[in-house]
Amino acid sequence: MRDFPLRLRAAKLLELAIMLHHHELAAAVRAALLAAQAGGALPPFDLPDVTVERPRETSHGDYATAVALQLARPARMAPLKIAQAIADHLPPLDYLGEVNVAPPGFINFRLSDAWLQGLPERILADPAAFGRVDHGAGQKAQVECVSANPTGPITLGRTRGGVIGDTLHRALENAGYDVTLEYYYNDAGRQITLLGESVKVRYLQLLGQPVELAEEHYQGDYITDLARELLAERGDALVDVPSDTFAAYARDRISAQQKATLARVGIVFDNYFREASLYETGQVWQTLAELNERGYVYEKDGAQWFRSTEFGDDKDRVVVKAGGEPTYRLPDMAYHRDKAQRGFDLVVDIFGPDHHATAPQVLMGVRALGYSSDFVHTLLHQIVTLVRGGGALKMSTRRGVYVTLDELVDEVGADAIRYFMISRSANSPVEFDLDLAVERSDKNPVYYIQNAHVRCAGIFRKWAEAGLPADADNDADLSLLTHPRELAFLRKALELGDVLETVTTLYEPHRLAFYAYDLAALFHPTYEECRVLHSDVPEPLRRARLRFYRAAQAVFARVLDLMGMSAPEVM
RNA sequence: GCCCCCGUAGCUCAAUUGGACAGAGCGUCGGCCUUCUAAGCCGAAUGUUGCAGGUUCGAGCCCUGCCGGGGGCACCA
């Protein structure tokens with residue numbers, strides 16, 4: 001009974017030991033620096049930030065630090081000697097194998113094989129926790145994405161933002177954050193007015209009236225479809241009804257459709273924040289009043305202007321038009337004021353390339369309202385282009401020329417969409433190759449990754465079909481996992497925690513996609529070379545490898561889940 | 001004209017935020033199916049990181065100036 005808390009603590013330490021070697025090693029290096037100074041091996045100097053990283057070149061080891069190079073000047077010693085002094089004073093660490101010093105002054109660390117061989121067991125102890133980090137523990141985060149007007153189908157650009165946002169949402173939860181995935185729903189303003197007018201025109205046209213859409217109206221076929229629905233339901237009873245009614249109907253229908261479509265790719269929002277609510281609660285005008293009180297608003301040409309130049313903008317911006325109607329900026333500022341008041345420690349706003357210029361203005365508004373904008377991270381991403389047969393498909397929502405997300409899901413499936421949308425850094429455009437996305441071969445990274453999971457599952461399926469005991473690997477001797485392929489895979493698997501830490505601190509979900517691919521690329525040759533069920537595999541090794549593949553399957557399931565993708569048993 | 005993103009192998013992109021010899025995939029070339037396993041594996045070739053300076057122990061990454069591509073600069077959102 002008395003050792004229960006101790007065991008908990010041991011479990012916690014073990015978990016950290018699995019995930020966060022670079023932090024632990026950095027602490028150990030700091031300790032070694034202090035010990036070396038105390039022992040006179042190093043002169044006194046202020047301790048620098050010690051960073052331990054994974055060298056790109058695997059032959060250099062699993063971890064490395066260049067701290068000795070940084071210390072050359074303050075210590076006035078040769079970097080190599082500093083490195084050696086640190087290495088000599090390093091405390092013993094159970095997971096560490098070889099430590100060596102390399103010119104011009106790197107210290108390289110290698111994990112011990114024995115420790116790595118124990119990794120499958122630690123993964124299987126709690127597979128859903130593998131890769132978990134804790135830097136967000138106790139903090140509230142919000143990810144805002146998509147936030148499209150309910151005036152048409154979800155575009156591919158919004159889809160990209162949505163997948164980036166949802167992947168980040170999953171990763172942040174893995175880091176301990178309490179995360180709200182939010183959609184800012186523009187159900188007020190001019191675009192909605194235009195939507196209503198567009199539907200009404202189509203409705204009147206269906207009744208044979210000689211009216212035409214204006215240039216700024218929505219041209220897509222879905223507008224006519226909505227008009228047809230209204231005609232079927234209400235006949236000609238709406239001819240003299242104002243377009244507001246059409247707008248409300250269209251808005252709700254389109255919004256429901258958007259929601260359903262996004263759910264098909266695994267994006268389900270915790271909260272739809274209605275722009276109209278900012279008017280209903282008076283927050284829009286309250287925001288204006290606060291900006292005014294703080295001296296950041298003035299009148300010119302009948303309009304109200306925000307002094308954004310005080311925050312570095314190249315010109316001031318209109319927040320209330322001469323007609324008395326707010327521009328989009330004012331509710332946007334009110335919305336972010338609300339985010340600040342909701343007490344989020346972290347807000348990630350995800351915008352497409354068409355909003356690159358406006359994002360900073362909102363943050364200026366936040367600061368003008370007296371809040372720090374440090375808690376907001378704006379994540380801008382580039383466009384998506386569809387490619388088929390080697391050529392790009394050019395689309396335009398307003399002209400009604402586009403591939404809908406629904407069609408894309410029908411054609412390539414949700415998994416491919418999820419993967420390809422995060423398969424590039426947000427700063428790079430995505431070329432979505434429709435031919436590749438449905439190809440069932442190793443050329444298609446989606447299949448390549450999922451096939452790793454399938455292959456693991458296949459081993460256990462065969463094993464069960466042969467009528468062999470399902471728990472045969474439970475007490476396997478894992479020290480038999482000595483094949484270089486096996487150890488290389490385990491090293492990579494171990495990186496998941498580091499990857500997730502990077503994803504959530506730099507807001508770069510593409511790293512997860514690259515990691516998944518790299519892991520699969522290490523898996524397949526292992527699968528090829530390290531056989532299990534063969535008659536010439538000795539029984540103890542067979543059991544150890546069963547354990548290995550069971551852990552490998554768990555890691556792939558975990559990574560696929562983090563990316564919102566399915567982990568199929570068969571293909 | 002101003003702002004943002006990009007410029008890395010033939011093509012599409014990475015590169016642990018300033019670290020070691022710049023890496024993957026596709027494409028090209030060459031191998032591998034009597035074994036859970038070809039929807040797969042192994043191997044080879046490919047670079048003045050757009051150009052010119054600068055910062056320092058060290059630059060694809062930071063600074064300055066050019067060149068080129070994309071996007072944005074509304075009292076639209």
# chains A, B, ... in the order shown; residues from 1 in each chain; ligands from 1
>>> residues_around(residues="stretch 55-67 of chain B", least_positions_apart="4", cutoff="12 Å", atoms="only C-alpha atoms (C1' of nucleotides)", output="JSON, numbers by chain")
{"A": [66, 68, 69, 70, 71, 72, 73, 78, 79, 80, 103, 104, 105], "B": [7, 8, 14, 15, 17, 18, 19, 20, 22, 47, 49, 50, 51]}
>>> residues_around(residues="A:Thr245", least_positions_apart="4", cutoff="8 Å", atoms="only C-alpha atoms (C1' of nucleotides)", output="ChimeraX atom specification")
/A:196,241,249
>>> write_last_selection(atoms="N, CA, C and O atoms", output="JSON list (two decimals), in the first residue's frame")
[["chain", "number", "residue", "atom", "x", "y", "z"],
["A", 196, "GLY", "N", -29.14, 35.19, -50.38],
["A", 196, "GLY", "CA", -30.60, 35.21, -50.43],
["A", 196, "GLY", "C", -31.11, 35.74, -51.76],
["A", 196, "GLY", "O", -32.02, 35.17, -52.38],
["A", 241, "VAL", "N", -42.14, 37.45, -51.12],
["A", 241, "VAL", "CA", -41.44, 37.38, -49.83],
["A", 241, "VAL", "C", -40.04, 37.98, -50.00],
["A", 241, "VAL", "O", -39.38, 37.74, -51.01],
["A", 249, "TYR", "N", -33.14, 30.31, -45.36],
["A", 249, "TYR", "CA", -33.30, 28.93, -45.80],
["A", 249, "TYR", "C", -31.99, 28.40, -46.39],
["A", 249, "TYR", "O", -31.50, 27.31, -46.00]]
>>> closest_residue(among="B:U16, B:U28, B:U46, B:U34", to="chain A", atoms="only C-alpha atoms (C1' of nucleotides)")
B:U16
>>> select_by_dssp(residues="stretch 313-450 of chain A", states="strand (DSSP E)", output="PyMOL selection string")
chain A and resi 317-320+346-351+376-380+384-388+391-393+430-433
>>> closest_residue(among="A:Asp113, A:Glu182, A:Asp62, A:Asp518", to="A:Leu478", atoms="only C-alpha atoms")
A:Asp113
>>> interface_residues(of="chain B", to="chain A", cutoff="6 Å", atoms="only C-alpha atoms (C1' of nucleotides)", output="PyMOL selection string")
chain B and resi 36+39+75
>>> residues_around(residues="A:Val99", least_positions_apart="5", cutoff="10 Å", atoms="only C-alpha atoms (C1' of nucleotides)", output="list in words")
Gly61, Tyr63, Ala64, Ala87, Asp88, Leu90, Ile107, Asn108, Phe109, Arg110 and Leu111 of chain A
>>> write_last_selection(atoms="N, CA, C and O atoms", output="PDB file, in the first residue's frame")
ATOM      1  N   GLY A  61      24.802   8.835 -34.057  1.00  0.00           N
ATOM      2  CA  GLY A  61      24.159   8.459 -32.808  1.00  0.00           C
ATOM      3  C   GLY A  61      22.702   8.834 -32.807  1.00  0.00           C
ATOM      4  O   GLY A  61      22.162   9.281 -33.811  1.00  0.00           O
ATOM      5  N   TYR A  63      21.283  10.878 -30.338  1.00  0.00           N
ATOM      6  CA  TYR A  63      21.149  12.257 -29.873  1.00  0.00           C
ATOM      7  C   TYR A  63      22.519  12.903 -29.909  1.00  0.00           C
ATOM      8  O   TYR A  63      23.546  12.231 -29.864  1.00  0.00           O
ATOM      9  N   ALA A  64      22.533  14.224 -29.977  1.00  0.00           N
ATOM     10  CA  ALA A  64      23.806  14.932 -29.998  1.00  0.00           C
ATOM     11  C   ALA A  64      23.602  16.326 -29.439  1.00  0.00           C
ATOM     12  O   ALA A  64      22.494  16.862 -29.464  1.00  0.00           O
ATOM     13  N   ALA A  87      31.497  14.906 -21.142  1.00  0.00           N
ATOM     14  CA  ALA A  87      31.272  13.464 -21.259  1.00  0.00           C
ATOM     15  C   ALA A  87      31.781  12.736 -20.016  1.00  0.00           C
ATOM     16  O   ALA A  87      31.150  11.803 -19.516  1.00  0.00           O
ATOM     17  N   ASP A  88      32.928  13.192 -19.500  1.00  0.00           N
ATOM     18  CA  ASP A  88      33.514  12.537 -18.324  1.00  0.00           C
ATOM     19  C   ASP A  88      32.665  12.711 -17.076  1.00  0.00           C
ATOM     20  O   ASP A  88      32.750  11.903 -16.151  1.00  0.00           O
ATOM     21  N   LEU A  90      29.290  13.044 -17.015  1.00  0.00           N
ATOM     22  CA  LEU A  90      27.890  12.715 -17.242  1.00  0.00           C
ATOM     23  C   LEU A  90      27.398  11.705 -16.202  1.00  0.00           C
ATOM     24  O   LEU A  90      28.065  10.721 -15.949  1.00  0.00           O
ATOM     25  N   ILE A 107      29.046  16.149 -28.890  1.00  0.00           N
ATOM     26  CA  ILE A 107      28.936  14.972 -28.027  1.00  0.00           C
ATOM     27  C   ILE A 107      27.788  14.140 -28.564  1.00  0.00           C
ATOM     28  O   ILE A 107      26.672  14.641 -28.712  1.00  0.00           O
ATOM     29  N   ASN A 108      28.075  12.897 -28.878  1.00  0.00           N
ATOM     30  CA  ASN A 108      27.066  12.006 -29.459  1.00  0.00           C
ATOM     31  C   ASN A 108      26.654  10.943 -28.466  1.00  0.00           C
ATOM     32  O   ASN A 108      27.484  10.368 -27.769  1.00  0.00           O
ATOM     33  N   PHE A 109      25.358  10.714 -28.412  1.00  0.00           N
ATOM     34  CA  PHE A 109      24.812   9.721 -27.490  1.00  0.00           C
ATOM     35  C   PHE A 109      24.124   8.627 -28.287  1.00  0.00           C
ATOM     36  O   PHE A 109      23.435   8.906 -29.264  1.00  0.00           O
ATOM     37  N   ARG A 110      24.321   7.415 -27.848  1.00  0.00           N
ATOM     38  CA  ARG A 110      23.621   6.308 -28.487  1.00  0.00           C
ATOM     39  C   ARG A 110      22.826   5.541 -27.435  1.00  0.00           C
ATOM     40  O   ARG A 110      23.315   5.297 -26.337  1.00  0.00           O
ATOM     41  N   LEU A 111      21.598   5.208 -27.793  1.00  0.00           N
ATOM     42  CA  LEU A 111      20.767   4.411 -26.888  1.00  0.00           C
ATOM     43  C   LEU A 111      21.325   3.002 -26.811  1.00  0.00           C
ATOM     44  O   LEU A 111      21.864   2.485 -27.789  1.00  0.00           O
TER      45      LEU A 111
END
>>> atom_distance(atom1="atom CA of A:His89", atom2="atom CA of A:Pro74")
19.2 Å
>>> atom_distance(atom1="atom CA of A:Gln37", atom2="atom CA of A:Leu96")
23.0 Å
>>> atom_distance(atom1="atom CA of A:Gly118", atom2="atom CA of A:Leu496")
16.3 Å
>>> residues_around(residues="A:Leu393", least_positions_apart="6", cutoff="12 Å", atoms="only C-alpha atoms (C1' of nucleotides)", output="list in words")
Leu156, Val384, Thr385, Leu386, Val387, Val401, Tyr402, Val403, Glu431, Phe432, Asp433 and Leu434 of chain A
>>> select_by_dssp(residues="stretch 203-359 of chain A", states="alpha helix (DSSP H)", output="number ranges by chain")
A: 203-206, 221-234, 243-264, 275-280, 283-293, 329-341, 359
>>> closest_residue(among="A:Met565, A:Ala26, A:Ala227, A:Ala289", to="A:Arg264", atoms="only C-alpha atoms")
A:Met565
>>> residues_around(residues="A:Trp115", least_positions_apart="5", cutoff="10 Å", atoms="only C-alpha atoms (C1' of nucleotides)", output="PyMOL selection string")
chain A and resi 18+94-97+479
